[in-house]
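> Input final_24.cif, format and content: mmCIF, C-alpha atoms.
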```cif
data_query
#
loop_
_atom_site.group_PDB
_atom_site.id
_atom_site.type_symbol
_atom_site.label_atom_id
_atom_site.label_comp_id
_atom_site.auth_asym_id
_atom_site.auth_seq_id
_atom_site.Cartn_x
_atom_site.Cartn_y
_atom_site.Cartn_z
ATOM 1 C CA MET A 1 -36.112 -3.773 -15.956
ATOM 2 C CA LEU A 2 -34.232 -0.568 -16.680
ATOM 3 C CA ARG A 3 -34.396 0.376 -12.997
ATOM 4 C CA ILE A 4 -32.835 -2.923 -11.951
ATOM 5 C CA THR A 5 -30.032 -2.533 -14.480
ATOM 6 C CA ALA A 6 -29.363 1.031 -13.323
ATOM 7 C CA ALA A 7 -29.347 -0.014 -9.662
ATOM 8 C CA ALA A 8 -26.970 -2.898 -10.395
ATOM 9 C CA SER A 9 -24.638 -0.538 -12.295
ATOM 10 C CA VAL A 10 -24.585 1.953 -9.411
ATOM 11 C CA LEU A 11 -23.875 -0.851 -6.935
ATOM 12 C CA ALA A 12 -21.059 -2.249 -9.076
ATOM 13 C CA VAL A 13 -19.411 1.159 -9.451
ATOM 14 C CA GLY A 14 -19.772 1.801 -5.716
ATOM 15 C CA LEU A 15 -18.197 -1.512 -4.789
ATOM 16 C CA ALA A 16 -15.350 -1.044 -7.250
ATOM 17 C CA GLY A 17 -14.289 2.053 -5.301
ATOM 18 C CA CYS A 18 -14.088 0.001 -2.098
ATOM 19 C CA ALA A 19 -11.448 -2.557 -2.966
ATOM 20 C CA ILE A 20 -11.327 -5.088 -0.180
ATOM 21 C CA GLY A 21 -8.273 -7.153 0.498
ATOM 22 C CA ILE A 22 -4.537 -7.307 0.738
ATOM 23 C CA THR A 23 -2.597 -5.412 -1.908
ATOM 24 C CA PRO A 24 1.040 -6.545 -2.212
ATOM 25 C CA GLY A 25 3.418 -3.684 -1.561
ATOM 26 C CA GLN A 26 0.671 -1.515 -0.079
ATOM 27 C CA SER A 27 -0.733 -3.511 2.823
ATOM 28 C CA PRO A 28 1.019 -3.715 6.219
ATOM 29 C CA SER A 29 3.129 -6.858 6.465
ATOM 30 C CA GLY A 30 6.125 -8.394 8.174
ATOM 31 C CA ASP A 31 8.512 -11.333 7.875
ATOM 32 C CA TYR A 32 9.612 -13.108 11.047
ATOM 33 C CA LYS A 33 11.633 -16.088 12.228
ATOM 34 C CA VAL A 34 9.922 -17.701 15.205
ATOM 35 C CA GLU A 35 10.929 -20.477 17.571
ATOM 36 C CA VAL A 36 7.783 -22.457 16.881
ATOM 37 C CA GLY A 37 7.261 -25.391 14.526
ATOM 38 C CA TYR A 38 5.091 -24.759 11.459
ATOM 39 C CA GLN A 39 2.136 -26.888 12.648
ATOM 40 C CA LYS A 40 1.998 -25.177 16.040
ATOM 41 C CA ALA A 41 2.439 -21.770 14.372
ATOM 42 C CA TYR A 42 -0.515 -22.552 12.090
ATOM 43 C CA GLN A 43 -2.740 -23.558 15.034
ATOM 44 C CA LEU A 44 -1.778 -20.396 16.937
ATOM 45 C CA ALA A 45 -2.457 -18.207 13.890
ATOM 46 C CA ARG A 46 -5.829 -19.895 13.394
ATOM 47 C CA THR A 47 -6.833 -19.321 17.025
ATOM 48 C CA GLN A 48 -5.729 -15.686 16.783
ATOM 49 C CA ALA A 49 -7.680 -15.158 13.555
ATOM 50 C CA GLU A 50 -10.842 -16.785 14.914
ATOM 51 C CA GLN A 51 -10.724 -14.682 18.083
ATOM 52 C CA CYS A 52 -9.715 -11.343 16.608
ATOM 53 C CA LEU A 53 -10.165 -11.064 12.846
ATOM 54 C CA THR A 54 -13.578 -12.450 11.904
ATOM 55 C CA GLY A 55 -16.122 -10.063 13.385
ATOM 56 C CA LYS A 56 -19.408 -11.752 14.169
ATOM 57 C CA ASP A 57 -18.830 -14.686 11.824
ATOM 58 C CA ALA A 58 -18.824 -12.330 8.837
ATOM 59 C CA TYR A 59 -15.339 -13.302 7.684
ATOM 60 C CA GLN A 60 -14.147 -16.855 7.153
ATOM 61 C CA VAL A 61 -10.920 -18.402 8.356
ATOM 62 C CA ARG A 62 -9.477 -20.819 5.815
ATOM 63 C CA GLY A 63 -6.229 -22.679 5.835
ATOM 64 C CA THR A 64 -4.088 -25.394 4.387
ATOM 65 C CA VAL A 65 -1.266 -27.406 5.892
ATOM 66 C CA ASP A 66 1.232 -29.170 3.641
ATOM 67 C CA ASP A 67 3.064 -31.689 5.814
ATOM 68 C CA ALA A 68 5.237 -32.912 2.941
ATOM 69 C CA GLY A 69 6.455 -29.377 2.201
ATOM 70 C CA ARG A 70 6.454 -28.334 5.886
ATOM 71 C CA LYS A 71 4.394 -25.233 5.203
ATOM 72 C CA ALA A 72 0.985 -23.807 5.994
ATOM 73 C CA THR A 73 -1.192 -20.910 4.894
ATOM 74 C CA LEU A 74 -3.961 -19.242 6.839
ATOM 75 C CA ARG A 75 -6.372 -16.796 5.197
ATOM 76 C CA VAL A 76 -9.166 -14.625 6.550
ATOM 77 C CA THR A 77 -11.480 -13.884 3.636
ATOM 78 C CA ALA A 78 -14.084 -11.177 3.103
ATOM 79 C CA PRO A 79 -17.692 -12.128 2.451
ATOM 80 C CA PHE A 80 -18.915 -11.995 -1.159
ATOM 81 C CA SER A 81 -15.521 -11.159 -2.687
ATOM 82 C CA ASP A 82 -13.501 -13.984 -1.069
ATOM 83 C CA ASN A 83 -10.508 -11.587 -0.997
ATOM 84 C CA ASP A 84 -7.890 -12.023 1.721
ATOM 85 C CA VAL A 85 -8.051 -9.420 4.494
ATOM 86 C CA ALA A 86 -5.436 -11.306 6.529
ATOM 87 C CA ARG A 87 -2.897 -13.894 5.434
ATOM 88 C CA VAL A 88 -0.230 -15.852 7.273
ATOM 89 C CA ASP A 89 2.270 -17.945 5.301
ATOM 90 C CA ILE A 90 4.403 -20.308 7.375
ATOM 91 C CA VAL A 91 7.412 -22.353 6.270
ATOM 92 C CA GLY A 92 9.025 -24.787 8.685
ATOM 93 C CA ILE A 93 12.794 -24.425 8.978
ATOM 94 C CA ASP A 94 13.174 -27.386 11.350
ATOM 95 C CA ALA A 95 11.081 -29.041 14.074
ATOM 96 C CA GLY A 96 11.111 -25.961 16.304
ATOM 97 C CA HIS A 97 11.593 -22.960 13.994
ATOM 98 C CA SER A 98 9.575 -21.337 11.211
ATOM 99 C CA ASP A 99 9.643 -18.420 8.808
ATOM 100 C CA VAL A 100 6.367 -16.509 8.995
ATOM 101 C CA HIS A 101 5.039 -13.860 6.606
ATOM 102 C CA ILE A 102 2.023 -11.917 7.881
ATOM 103 C CA ALA A 103 0.011 -9.488 5.744
ATOM 104 C CA MET A 104 -3.132 -7.531 6.615
ATOM 105 C CA TRP A 105 -5.521 -5.473 4.501
ATOM 106 C CA GLY A 106 -4.614 -2.191 6.202
ATOM 107 C CA ARG A 107 -8.111 -1.117 7.225
ATOM 108 C CA SER A 108 -10.185 -1.471 10.389
ATOM 109 C CA VAL A 109 -8.990 -4.365 12.593
ATOM 110 C CA TRP A 110 -6.712 -5.651 9.794
ATOM 111 C CA ASN A 111 -4.009 -3.015 10.308
ATOM 112 C CA ALA A 112 -0.325 -2.846 11.281
ATOM 113 C CA ASP A 113 -1.249 -3.451 14.932
ATOM 114 C CA ALA A 114 -2.901 -6.711 13.863
ATOM 115 C CA VAL A 115 0.340 -7.794 12.168
ATOM 116 C CA ILE A 116 2.231 -7.307 15.438
ATOM 117 C CA ALA A 117 -0.520 -9.009 17.472
ATOM 118 C CA MET A 118 -0.459 -12.021 15.114
ATOM 119 C CA ARG A 119 3.335 -12.183 15.281
ATOM 120 C CA ASP A 120 3.268 -12.118 19.080
ATOM 121 C CA ALA A 121 0.443 -14.680 19.259
ATOM 122 C CA ILE A 122 2.666 -17.077 17.315
ATOM 123 C CA ARG A 123 5.942 -16.106 18.973
ATOM 124 C CA PHE A 124 4.714 -16.210 22.576
ATOM 125 C CA GLN A 125 1.988 -18.836 21.964
ATOM 126 C CA VAL A 126 -0.712 -16.687 23.594
ATOM 127 C CA PRO A 127 -3.452 -15.262 21.361
ATOM 128 C CA SER A 128 -4.428 -11.650 22.044
ATOM 129 C CA CYS A 129 -6.044 -9.089 19.759
ATOM 130 C CA VAL A 130 -3.419 -6.506 20.701
ATOM 131 C CA SER A 131 0.250 -6.858 21.516
ATOM 132 C CA TYR A 132 1.348 -6.000 25.019
ATOM 133 C CA MET A 133 5.003 -6.781 24.342
ATOM 134 C CA PRO A 134 7.594 -4.140 23.483
ATOM 135 C CA SER A 135 8.161 -4.092 19.751
ATOM 136 C CA ASP A 136 11.556 -4.983 18.367
ATOM 137 C CA THR A 137 13.197 -2.911 15.680
ATOM 138 C CA ASN A 138 14.792 -5.903 13.948
ATOM 139 C CA ASN A 139 11.529 -6.951 12.306
ATOM 140 C CA PRO A 140 9.345 -3.875 11.828
ATOM 141 C CA VAL A 141 6.024 -3.909 10.041
ATOM 142 C CA THR A 142 6.157 -2.576 6.516
ATOM 143 C CA PRO A 143 3.578 0.220 6.582
ATOM 144 C CA PRO A 144 1.409 0.970 3.586
ATOM 145 C CA PRO A 145 2.631 3.892 1.445
ATOM 146 C CA LYS A 146 0.878 7.193 2.002
#
```
For the file at hand, write its structure as structure tokens.

Amino acid sequence: MLRITAAASVLAVGLAGCAIGITPGQSPSGDYKVEVGYQKAYQLARTQAEQCLTGKDAYQVRGTVDDAGRKATLRVTAPFSDNDVARVDIVGIDAGHSDVHIAMWGRSVWNADAVIAMRDAIRFQVPSCVSYMPSDTNNPVTPPPK
């Protein structure tokens, strides 16, 4: 019994050092105005997440759409911890425009490049795991502090 308790303690301490998920103010993120309605933006973000941000079904894509409030949220969550490794918050401005906030964990495939790829997937309505479009300087990604 003592061995099991010791092993569990070592595992817990090890996992505590590997915080998984988005940390506000530290994770790469960006705020964008797009010429896409909130429902379409949500569907595009979901397709992008399913194609590029889930690994081999290890991470789950979850989302909610609030038609009354004209907003939607998409989350990619880590296994076991259920922490967000990617998050897209969408607020409809009118029928054809939305405000979009994209945040990524900052590690592996959930990095600043993934923020730009998600933005472009919504903006140009073509999902791709990398962005092939020139980046604009009006809406840069907020990099994590060093």
> My list of candidates is A:Arg75, A:Arg70, A:Arg62, A:Lys56. Which is closest to A:Asp99 when distances are computed with only C-alpha atoms?
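Among A:Arg75, A:Arg70, A:Arg62, A:Lys56, it is A:Arg70 that comes nearest to A:Asp99.
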> Mind checking which residues fall within 10 Å of A:Leu74, counting only C-alpha atoms, ignoring those fewer than 6 positions away in the same chain, and posting them as number ranges by chain?
A: 42-43, 45-46, 49, 61-65, 84, 86-90, 102
> Rank A:Asn111, A:Thr47, A:Gln60, A:Ala41 by their smallest atom-to-atom distance to A:Thr73, using all atoms listed in the file, and report the top residue only.
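Closest candidate: A:Ala41.
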> In terms of the shortest atom-to-atom distance over all atoms listed in the file, which of A:His101, A:Phe80, A:Pro28, A:Gln48 is closest to A:Ala121?
A:Gln48
> Can you list, as a ChimeraX atom specification, the residues that the PyMOL selection byres ((chain A and resi 32-37) around 8) selects here?
/A:30-31,38-41,92-101,119,122-123,139
> For stretch 98-117 of chain A, supply N, CA, C and O atoms and format the output as a compact mmCIF listing (two decimals), in the frame of the given file.

```txt
# COMPACT_ATOMS: atom_id res chain seq x y z
N SER A 98 10.31 -21.61 12.45
CA SER A 98 9.57 -21.34 11.21
C SER A 98 9.83 -19.92 10.73
O SER A 98 10.11 -19.02 11.52
N ASP A 99 9.71 -19.74 9.42
CA ASP A 99 9.64 -18.42 8.81
C ASP A 99 8.16 -18.10 8.64
O ASP A 99 7.39 -18.93 8.14
N VAL A 100 7.77 -16.90 9.05
CA VAL A 100 6.37 -16.51 8.99
C VAL A 100 6.26 -15.18 8.27
O VAL A 100 6.97 -14.22 8.60
N HIS A 101 5.37 -15.12 7.29
CA HIS A 101 5.04 -13.86 6.61
C HIS A 101 3.59 -13.55 6.94
O HIS A 101 2.70 -14.37 6.73
N ILE A 102 3.36 -12.35 7.49
CA ILE A 102 2.02 -11.92 7.88
C ILE A 102 1.68 -10.67 7.07
O ILE A 102 2.48 -9.74 7.00
N ALA A 103 0.49 -10.66 6.48
CA ALA A 103 0.01 -9.49 5.74
C ALA A 103 -1.44 -9.22 6.14
O ALA A 103 -2.22 -10.16 6.32
N MET A 104 -1.77 -7.96 6.28
CA MET A 104 -3.13 -7.53 6.62
C MET A 104 -3.61 -6.54 5.57
O MET A 104 -2.80 -5.89 4.89
N TRP A 105 -4.90 -6.36 5.47
CA TRP A 105 -5.52 -5.47 4.50
C TRP A 105 -5.07 -4.02 4.69
O TRP A 105 -4.81 -3.30 3.74
N GLY A 106 -5.02 -3.57 5.94
CA GLY A 106 -4.61 -2.19 6.20
C GLY A 106 -5.76 -1.31 6.64
O GLY A 106 -5.59 -0.11 6.84
N ARG A 107 -6.94 -1.88 6.79
CA ARG A 107 -8.11 -1.12 7.22
C ARG A 107 -8.73 -1.78 8.44
O ARG A 107 -8.60 -2.98 8.65
N SER A 108 -9.43 -0.98 9.24
CA SER A 108 -10.18 -1.47 10.39
C SER A 108 -9.29 -2.33 11.28
O SER A 108 -8.18 -1.94 11.58
N VAL A 109 -9.76 -3.51 11.69
CA VAL A 109 -8.99 -4.36 12.59
C VAL A 109 -7.83 -5.06 11.89
O VAL A 109 -6.98 -5.65 12.55
N TRP A 110 -7.78 -5.00 10.57
CA TRP A 110 -6.71 -5.65 9.79
C TRP A 110 -5.63 -4.62 9.45
O TRP A 110 -5.36 -4.31 8.30
N ASN A 111 -4.98 -4.09 10.48
CA ASN A 111 -4.01 -3.02 10.31
C ASN A 111 -2.63 -3.47 10.78
O ASN A 111 -2.40 -4.63 11.09
N ALA A 112 -1.69 -2.52 10.86
CA ALA A 112 -0.32 -2.85 11.28
C ALA A 112 -0.29 -3.39 12.70
O ALA A 112 0.53 -4.27 13.01
N ASP A 113 -1.18 -2.91 13.57
CA ASP A 113 -1.25 -3.45 14.93
C ASP A 113 -1.64 -4.93 14.92
O ASP A 113 -1.16 -5.71 15.74
N ALA A 114 -2.49 -5.31 13.97
CA ALA A 114 -2.90 -6.71 13.86
C ALA A 114 -1.74 -7.59 13.40
O ALA A 114 -1.66 -8.76 13.78
N VAL A 115 -0.85 -7.04 12.59
CA VAL A 115 0.34 -7.79 12.17
C VAL A 115 1.19 -8.12 13.39
O VAL A 115 1.61 -9.27 13.59
N ILE A 116 1.42 -7.12 14.23
CA ILE A 116 2.23 -7.31 15.44
C ILE A 116 1.53 -8.26 16.41
O ILE A 116 2.17 -9.14 17.00
N ALA A 117 0.22 -8.12 16.57
CA ALA A 117 -0.52 -9.01 17.47
C ALA A 117 -0.45 -10.45 16.98
O ALA A 117 -0.27 -11.38 17.78
```
